[in-house]
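Structure first, commentary second.
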Amino acid sequence: MGQLEMAWRGAVAAMLLVAAGPAHGFCGGVTRLMMPIEFAPGSAALAPGLAARVQGFAQAHGPAAADIDSIAVTVMGDLGEGAEYDGASTEARAADKALAEARLAAIRAQLDPGKPITDAKLRETRQIFTAEDVARNPMLNDRVRAGLFLSMMVPRGPVKKGEPVPLC
């Protein structure tokens, strides 16, 4: 590779960096939060007001989380991971899956219909939290049977007609 070609490549790279600098200012970002949901063992009952609790949870994390764009849900039954699940009968596993599905239905029924659920997963087993898990995240406890994963897009500035849309 000659010196002229190297200089040309360097100039192109510098132009791309300069062009990307102002574009970056126009780009929004994404904030993702995980909100645990508690259920009593064996129950799919959910306290009323989930949509308001979700909005309050998001707003507590700053203005970037003011508007929820989408929600993903992971729901578990009561059978714990490991030996508890491995030793459960086929009937117990089916009943536990039905319980997780009922919990998912309860969550869906209370969420704001304007906030789409982009993904819903049923976990085969309930995640068992260790003392270290709880120490790192005090929102976790033995009653957590679901998690809402909230995605909030930080809006970007308007693009004027005829201007290129910034690539972020």
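By order of appearance in the structure tokens: chains A, B, ..., then residues from 1 within every chain, and ligands from 1 in the order shown.
For Pro48 in chain A, the set of protein, DNA and RNA residues having any atom at most 10 Å away, when counting only C-alpha atoms and skipping those fewer than 3 positions along the same chain, is Ala45, Ala51, Ala52, Arg53, Ala106 and Gln110 of chain A.
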Restricting it to N, CA and C atoms, dump the selection as a PDB file, in the first residue's frame.
ATOM      1  N   ALA A  45     -52.743 -14.352  41.519  1.00  0.00           N
ATOM      2  CA  ALA A  45     -53.375 -13.080  41.869  1.00  0.00           C
ATOM      3  C   ALA A  45     -52.323 -11.977  41.899  1.00  0.00           C
ATOM      4  N   ALA A  51     -50.045  -1.226  36.081  1.00  0.00           N
ATOM      5  CA  ALA A  51     -49.618  -0.246  35.074  1.00  0.00           C
ATOM      6  C   ALA A  51     -49.056   1.006  35.745  1.00  0.00           C
ATOM      7  N   ALA A  52     -49.712   1.475  36.793  1.00  0.00           N
ATOM      8  CA  ALA A  52     -49.223   2.663  37.514  1.00  0.00           C
ATOM      9  C   ALA A  52     -47.907   2.364  38.222  1.00  0.00           C
ATOM     10  N   ARG A  53     -47.772   1.156  38.790  1.00  0.00           N
ATOM     11  CA  ARG A  53     -46.517   0.792  39.461  1.00  0.00           C
ATOM     12  C   ARG A  53     -45.365   0.717  38.463  1.00  0.00           C
ATOM     13  N   ALA A 106     -52.476 -12.600  33.972  1.00  0.00           N
ATOM     14  CA  ALA A 106     -52.778 -11.559  34.965  1.00  0.00           C
ATOM     15  C   ALA A 106     -51.955 -10.299  34.703  1.00  0.00           C
ATOM     16  N   GLN A 110     -53.338  -6.332  33.183  1.00  0.00           N
ATOM     17  CA  GLN A 110     -53.181  -5.070  33.913  1.00  0.00           C
ATOM     18  C   GLN A 110     -52.242  -4.073  33.243  1.00  0.00           C
TER      19      GLN A 110
END
Between A:Val73, A:Val159, A:Val54, A:Leu99, which residue has the minimum interatomic distance to Phe39 in chain A, considering only C-alpha atoms?
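Smallest distance to Phe39 in chain A is found for A:Leu99.
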Could you tell me, as an MDAnalysis selection string, which residues of range 12-124 of chain A DSSP assigns to helix (DSSP H, G or I) when given the backbone?
chainID A and resid 12:26 50:59 63:65 83:86 90:110
Excluding range 131-141 of chain A and residues on its chain fewer than 2 positions from it, collect all residues at most 12 Å away from it, counting only C-alpha atoms, and give them as a VMD selection string.
chain A and resid 34 to 40 57 126 to 129 143 to 147
Could those residues be written to a file, using N, CA and C atoms, as a short mmCIF file (atom, residue, chain, number, x, y, z; two decimals), in the first residue's frame?
data_model
loop_
_atom_site.label_atom_id
_atom_site.label_comp_id
_atom_site.auth_asym_id
_atom_site.auth_seq_id
_atom_site.Cartn_x
_atom_site.Cartn_y
_atom_site.Cartn_z
N MET A 34 -35.23 -3.70 34.62
CA MET A 34 -35.92 -4.93 34.98
C MET A 34 -36.68 -4.68 36.27
N MET A 35 -37.98 -4.88 36.23
CA MET A 35 -38.84 -4.71 37.39
C MET A 35 -39.37 -6.08 37.82
N PRO A 36 -38.97 -6.55 38.99
CA PRO A 36 -39.48 -7.85 39.44
C PRO A 36 -40.94 -7.75 39.90
N ILE A 37 -41.68 -8.83 39.69
CA ILE A 37 -43.08 -8.91 40.10
C ILE A 37 -43.21 -10.09 41.06
N GLU A 38 -43.86 -9.85 42.18
CA GLU A 38 -44.03 -10.89 43.20
C GLU A 38 -45.40 -11.55 43.08
N PHE A 39 -45.43 -12.84 43.34
CA PHE A 39 -46.66 -13.62 43.44
C PHE A 39 -46.55 -14.49 44.68
N ALA A 40 -47.66 -14.67 45.38
CA ALA A 40 -47.68 -15.62 46.49
C ALA A 40 -47.54 -17.02 45.92
N PHE A 57 -42.12 3.04 38.59
CA PHE A 57 -40.80 2.41 38.64
C PHE A 57 -39.90 3.01 37.58
N ARG A 126 -38.53 -21.87 38.47
CA ARG A 126 -38.39 -20.62 39.23
C ARG A 126 -36.92 -20.44 39.55
N GLN A 127 -36.43 -19.25 39.30
CA GLN A 127 -35.04 -18.96 39.62
C GLN A 127 -34.90 -18.84 41.13
N ILE A 128 -33.95 -19.54 41.69
CA ILE A 128 -33.71 -19.47 43.13
C ILE A 128 -32.59 -18.46 43.36
N PHE A 129 -32.89 -17.43 44.13
CA PHE A 129 -31.92 -16.36 44.38
C PHE A 129 -31.08 -16.70 45.60
N ARG A 143 -40.45 -14.42 46.66
CA ARG A 143 -41.77 -14.31 46.02
C ARG A 143 -41.70 -13.80 44.58
N VAL A 144 -40.53 -13.43 44.10
CA VAL A 144 -40.40 -12.94 42.73
C VAL A 144 -40.64 -14.10 41.77
N ARG A 145 -41.66 -13.95 40.95
CA ARG A 145 -42.02 -15.00 40.00
C ARG A 145 -42.13 -14.47 38.57
N ALA A 146 -41.82 -13.19 38.38
CA ALA A 146 -41.89 -12.61 37.04
C ALA A 146 -40.99 -11.39 36.99
N GLY A 147 -40.61 -11.03 35.80
CA GLY A 147 -39.84 -9.81 35.60
C GLY A 147 -40.35 -9.10 34.36
#
Could you give me, as an mmCIF file with C-alpha atoms, in the first residue's frame, each residue of range 11-145 of chain A that DSSP assigns to strand (DSSP E or B) when run on this structure's backbone?
data_model
loop_
_atom_site.group_PDB
_atom_site.id
_atom_site.type_symbol
_atom_site.label_atom_id
_atom_site.label_comp_id
_atom_site.auth_asym_id
_atom_site.auth_seq_id
_atom_site.Cartn_x
_atom_site.Cartn_y
_atom_site.Cartn_z
ATOM 1 C CA VAL A 30 -32.145 3.242 25.052
ATOM 2 C CA THR A 31 -32.717 2.672 28.754
ATOM 3 C CA ARG A 32 -33.627 -0.845 29.841
ATOM 4 C CA LEU A 33 -34.870 -1.679 33.322
ATOM 5 C CA MET A 34 -35.921 -4.933 34.976
ATOM 6 C CA MET A 35 -38.842 -4.709 37.391
ATOM 7 C CA PRO A 36 -39.479 -7.848 39.445
ATOM 8 C CA ILE A 37 -43.083 -8.913 40.103
ATOM 9 C CA GLU A 38 -44.033 -10.892 43.200
ATOM 10 C CA SER A 70 -42.085 -1.697 24.939
ATOM 11 C CA ILE A 71 -42.145 -4.389 27.586
ATOM 12 C CA ALA A 72 -40.813 -7.933 27.592
ATOM 13 C CA VAL A 73 -42.068 -10.345 30.243
ATOM 14 C CA THR A 74 -40.529 -13.449 31.779
ATOM 15 C CA VAL A 75 -42.786 -15.495 34.055
ATOM 16 C CA GLY A 80 -37.516 -24.248 41.759
ATOM 17 C CA ILE A 117 -45.397 -6.623 24.980
ATOM 18 C CA THR A 118 -42.676 -7.454 22.495
ATOM 19 C CA ASP A 119 -41.666 -10.753 24.069
ATOM 20 C CA ALA A 120 -43.221 -13.102 26.611
ATOM 21 C CA LYS A 121 -41.336 -16.105 27.975
ATOM 22 C CA LEU A 122 -42.367 -18.809 30.382
ATOM 23 C CA ARG A 126 -38.392 -20.621 39.227
ATOM 24 C CA VAL A 144 -40.400 -12.939 42.727
ATOM 25 C CA ARG A 145 -42.020 -14.996 40.000
#
Please measure the separation of CA of Leu104 in chain A and CA of Gly56 in chain A, giving the value in Å to one decimal.
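About the pair CA of Leu104 in chain A and CA of Gly56 in chain A: they are 20.6 Å apart.
One finds CA of Met152 in chain A at 11.0 Å from CA of Gly62 in chain A.
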